[in-house]
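To start, the structure itself, in structure tokens.
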Amino acid sequence: MQEESRVESIVADVGKRRRQLRPPDVAATDRLPWWRDALRRRMLALADAGTIVVAVLVATSSVAGAGWAFATVPLWILFAKLFGLYDRDHRALRHLTIDELASLAGWAASGVILVVLTLDVAGVEPPPDWRLLLAWAVAVLSATILRSIARWVWRRVTPPEATIIVGEGPLASSMRRKLELFPDMHLLLVDHAQPAAEGEGSTQELDGLAEAADRLVVASERIDPDVVEQLAASCREHQSKLSVVSPLRGRSGALARLTQVADLQMIELDTWDVSRSTMMLKRAFDVIVSAALLTLLSPLFPLIALLIRLDSRGPVFFSQRRAGLGGSPFRMYKFRTMAWDAEERLGEVVSLEDLIEPMFKLRQDPRVTRLGRLLRRFSLDELPQLFNVLKGDMSLVGPRPEELQLVERYGPEHRFRLEVKPGMTGPMQVCGRGELTFAERLAVEHDYIEHMTLARDLRILLLTIPVGLSGNGAF
């Protein structure tokens, strides 16, 4: 009886807060339960319209009779719908603009081809090939920027979804932690519940939760299919969203994917090692990109060096032996961000012998200089590591290189980090940076090593740009 009373209290409280989160015109009616999604789709379509105008102008600015090209705008929007560019946000718990780059590239190519065909039908001489290629590149870039802005604005003009986590234990705790680390999911945790195992009371309870919240997240090590079935039916009836955290998290090792054979949903696990060709391509990518970035960013090096000299005494560069592939030591380079005698003063701020875990990160390290705080905030201190990547000691993407004296304290369960080359950036940097606990850091790095692909490396590199610019989690 006490449990049922508690559940009724949760439902009543969440329902009240859900109504408070809605704007007045929506709170007074149930006709628009997913009004946030409808608004986001319209904002994305508006962003796409801006992209289309820019792309068409770039493609046809030197062509007579280019007005015909603007007649293709509605078809561009239709193609975006066919590419699924307006339906992915509400289908995933966390969807970023960067996740749709491939679709945006295909959509932009289709739109440019459509412009060429329209001009040809109208009897207008088509633009030169180089201008069409430029229009495609501008369309991809514009769509990425404008869609990111649209989602940013959407998160600020709409209240977050009232969310209940159904379940208890490590998975539920991990889910609550993800809500803290990724505010871009735009969810507000209003309560959690542990439904009864069976009975009529459980059915009423599940239906009440679905009616009260905008989204339910099932996070439990033991998923009862009957509970999920009841929740799905209730969420469909009340137009709430439902997400289920896989109980295989961190257990299967191999990447799990959902496929379907007729009416059977299959969980496919990748149980093979990364191919040699993938590792060769990864190395080639490291060399090409690091060489290009060193050339592009070379003007920054003397400027940063001058500022370091003016800010504090000591050398411009800082080098330290770190653990590389297989634990082999190498010398890693950075711009100096600490006092020149920082290593000698390490004992003043932390005792390695007293560490509970082989990791430490100080939010307020007195050894960091004034300029050093700025360099660290935007990760500019790590630019010299491009030389380490070019030499082959590091990769662009991988686990962070750790100090040798900390690696010596690793247990067997920690040494998987040494199975690949350390990286300038990696899963830790895009999943919370310094805010992660040691266990969370190990989890995201283990997931990366087990599921390493070139596409994932590219995604992490692209995510590093906004994360680095924001400075969140850096200290």
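Each chain in the structure tokens gets a letter, A, B and so on, in the order shown; residues start at 1 in every chain, and ligands are counted from 1 in the order they appear.
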
Selection: 9 Å around A:Thr453, only C-alpha atoms, excl. self and same-chain fewer than 3 positions, as a list in words: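 Selected residues are Val274, Thr278, Met279, Lys282, Tyr448, Arg456, Asp457 and Leu458 of chain A.
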
Would you please give, as a ChimeraX atom specification, all residues of stretch 242-420 of chain A that DSSP assigns to helix (DSSP H, G or I) based on the backbone? /A:276-297,300-311,325-327,346-349,352-354,370-377,380-382,385-391,404-407,412-419

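Considering only C-alpha atoms, the residue among A:Ser470, A:Ser148, A:Thr203, A:Ser290 positioned nearest to A:Val397 is A:Ser290.
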
Select, from A:Ala212, A:Ala105, A:Ala80, A:Ile465, the residue with the minimum atom-to-atom distance to A:Arg41, counting only C-alpha atoms.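 Smallest separation from A:Arg41 among the options: A:Ala80.
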
Between A:Ile113, A:Leu258, A:Val157, A:Ile267, single out the one closest to A:Arg36, counting only C-alpha atoms.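 Looking at the shortest contact to A:Arg36, the residue is A:Val157.
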
Among stretch 250-360 of chain A, which ones does DSSP place in strand (DSSP E or B), written as a VMD selection string? chain A and resid 256 to 261 264 to 269 317 to 323 329 to 335 338

Taking C-alpha atoms for each residue, export the selection above as a compact mmCIF listing (two decimals), in the first residue's frame.
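Everything below was put into selection_20.txt:
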# COMPACT_ATOMS: atom_id res chain seq x y z
CA ALA A 256 25.42 -4.43 -30.47
CA ARG A 257 23.20 -3.45 -33.41
CA LEU A 258 19.52 -4.04 -33.92
CA THR A 259 18.43 -5.70 -37.14
CA GLN A 260 15.17 -7.36 -38.11
CA VAL A 261 14.24 -10.67 -39.74
CA LEU A 264 12.05 -10.94 -35.09
CA GLN A 265 14.31 -8.20 -33.74
CA MET A 266 17.92 -9.40 -33.69
CA ILE A 267 20.83 -8.08 -31.62
CA GLU A 268 23.95 -8.42 -33.77
CA LEU A 269 27.32 -8.36 -31.97
CA PHE A 317 57.46 23.79 -24.41
CA PHE A 318 56.84 21.14 -21.78
CA SER A 319 57.82 17.53 -22.45
CA GLN A 320 57.10 14.49 -20.34
CA ARG A 321 57.45 10.75 -20.71
CA ARG A 322 54.04 9.14 -21.18
CA ALA A 323 52.81 5.60 -21.79
CA PRO A 329 57.28 5.21 -23.01
CA PHE A 330 57.53 8.15 -25.40
CA ARG A 331 58.15 11.86 -24.95
CA MET A 332 54.99 13.93 -25.32
CA TYR A 333 55.12 17.66 -26.12
CA LYS A 334 52.82 20.48 -24.99
CA PHE A 335 52.94 24.22 -24.59
CA MET A 338 52.41 25.51 -15.43

Per residue of stretch 253-332 of chain A within 8 Å of stretch 351-371 of chain A, which atom pair is closest and at what distance in Å (one decimal), using only C-alpha atoms, listed by chain and increasing number, as CSV?
residue,atom,partner,partner_atom,distance
A:Leu307,CA,A:Leu371,CA,7.7
A:Ile308,CA,A:Leu371,CA,7.0
A:Asp311,CA,A:Leu371,CA,6.6
A:Ser312,CA,A:Thr369,CA,7.4

Any idea what the distance is between atom CA of A:Pro466 and atom CA of A:Ala292?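 Atom-to-atom, atom CA of A:Pro466 to atom CA of A:Ala292, that is 19.9 Å.
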
So, with only C-alpha atoms as the atoms that count, which of A:Gly432, A:Pro422, A:Gly111, A:Pro427 lies closest to A:Leu75? A:Gly111

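The closest residue to A:Leu386, picked from A:Val287, A:Leu462, A:Val217, A:Leu114 and counting only C-alpha atoms, is A:Val287.
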
Just want the 10 Å neighbourhood of A:Leu146, counted on only C-alpha atoms, with same-chain residues fewer than 5 positions away dropped. Output as a PDB file with N, CA, C and O atoms, in the first residue's frame.
ATOM      1  N   MET A  43      11.551  24.618 -37.455  1.00  0.00           N
ATOM      2  CA  MET A  43      12.784  25.397 -37.356  1.00  0.00           C
ATOM      3  C   MET A  43      13.883  24.790 -38.228  1.00  0.00           C
ATOM      4  O   MET A  43      14.662  25.508 -38.860  1.00  0.00           O
ATOM      5  N   LEU A  44      13.946  23.462 -38.295  1.00  0.00           N
ATOM      6  CA  LEU A  44      14.921  22.812 -39.170  1.00  0.00           C
ATOM      7  C   LEU A  44      14.598  23.076 -40.639  1.00  0.00           C
ATOM      8  O   LEU A  44      15.501  23.297 -41.453  1.00  0.00           O
ATOM      9  N   LEU A  46      13.120  25.716 -41.784  1.00  0.00           N
ATOM     10  CA  LEU A  46      13.505  27.107 -42.034  1.00  0.00           C
ATOM     11  C   LEU A  46      15.009  27.222 -42.238  1.00  0.00           C
ATOM     12  O   LEU A  46      15.474  27.958 -43.123  1.00  0.00           O
ATOM     13  N   ALA A  47      15.779  26.491 -41.429  1.00  0.00           N
ATOM     14  CA  ALA A  47      17.232  26.479 -41.603  1.00  0.00           C
ATOM     15  C   ALA A  47      17.604  25.909 -42.962  1.00  0.00           C
ATOM     16  O   ALA A  47      18.503  26.420 -43.648  1.00  0.00           O
ATOM     17  N   ASP A  48      16.902  24.849 -43.376  1.00  0.00           N
ATOM     18  CA  ASP A  48      17.176  24.258 -44.693  1.00  0.00           C
ATOM     19  C   ASP A  48      16.826  25.225 -45.819  1.00  0.00           C
ATOM     20  O   ASP A  48      17.514  25.271 -46.847  1.00  0.00           O
ATOM     21  N   ALA A  49      15.757  25.998 -45.647  1.00  0.00           N
ATOM     22  CA  ALA A  49      15.387  26.979 -46.673  1.00  0.00           C
ATOM     23  C   ALA A  49      16.505  28.001 -46.850  1.00  0.00           C
ATOM     24  O   ALA A  49      16.836  28.400 -47.976  1.00  0.00           O
ATOM     25  N   GLY A  50      17.104  28.429 -45.741  1.00  0.00           N
ATOM     26  CA  GLY A  50      18.245  29.336 -45.838  1.00  0.00           C
ATOM     27  C   GLY A  50      19.416  28.706 -46.557  1.00  0.00           C
ATOM     28  O   GLY A  50      20.089  29.347 -47.374  1.00  0.00           O
ATOM     29  N   THR A  51      19.661  27.429 -46.257  1.00  0.00           N
ATOM     30  CA  THR A  51      20.739  26.707 -46.938  1.00  0.00           C
ATOM     31  C   THR A  51      20.495  26.631 -48.444  1.00  0.00           C
ATOM     32  O   THR A  51      21.410  26.838 -49.246  1.00  0.00           O
ATOM     33  N   THR A  97      23.597  17.292 -34.819  1.00  0.00           N
ATOM     34  CA  THR A  97      23.700  17.632 -36.234  1.00  0.00           C
ATOM     35  C   THR A  97      24.824  16.853 -36.902  1.00  0.00           C
ATOM     36  O   THR A  97      24.713  16.441 -38.056  1.00  0.00           O
ATOM     37  N   LEU A 141      28.056  22.740 -45.645  1.00  0.00           N
ATOM     38  CA  LEU A 141      28.539  23.562 -44.544  1.00  0.00           C
ATOM     39  C   LEU A 141      27.413  24.425 -43.968  1.00  0.00           C
ATOM     40  O   LEU A 141      27.250  24.519 -42.740  1.00  0.00           O
ATOM     41  N   ARG A 151      18.786  24.054 -33.676  1.00  0.00           N
ATOM     42  CA  ARG A 151      18.610  23.183 -32.502  1.00  0.00           C
ATOM     43  C   ARG A 151      18.980  23.931 -31.221  1.00  0.00           C
ATOM     44  O   ARG A 151      18.366  23.732 -30.176  1.00  0.00           O
ATOM     45  N   TRP A 152      20.003  24.780 -31.286  1.00  0.00           N
ATOM     46  CA  TRP A 152      20.410  25.561 -30.115  1.00  0.00           C
ATOM     47  C   TRP A 152      19.282  26.512 -29.702  1.00  0.00           C
ATOM     48  O   TRP A 152      18.963  26.619 -28.514  1.00  0.00           O
TER      49      TRP A 152
END

A:Leu436 environment, 12 Å, only C-alpha atoms, sequence neighbours closer than 3 positions dropped, as a list of chain:residue names: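 Here the qualifying residues turn out to be A:Ser174, A:Arg177, A:Lys178, A:Glu180, A:Leu181, A:Phe182, A:Met359, A:Phe360, A:Lys361, A:Pro427, A:Met428, A:Gln429, A:Val430, A:Cys431, A:Gly432, A:Arg433, A:Ala439, A:Glu440, A:Arg441, A:Leu442, A:Ala443, A:Val444, A:Glu445, A:Asn472, A:Gly473, A:Ala474.
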
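The closest residue to A:Ser142, picked from A:Val58, A:Leu82, A:Arg336, A:Lys421 and counting only C-alpha atoms, is A:Val58.
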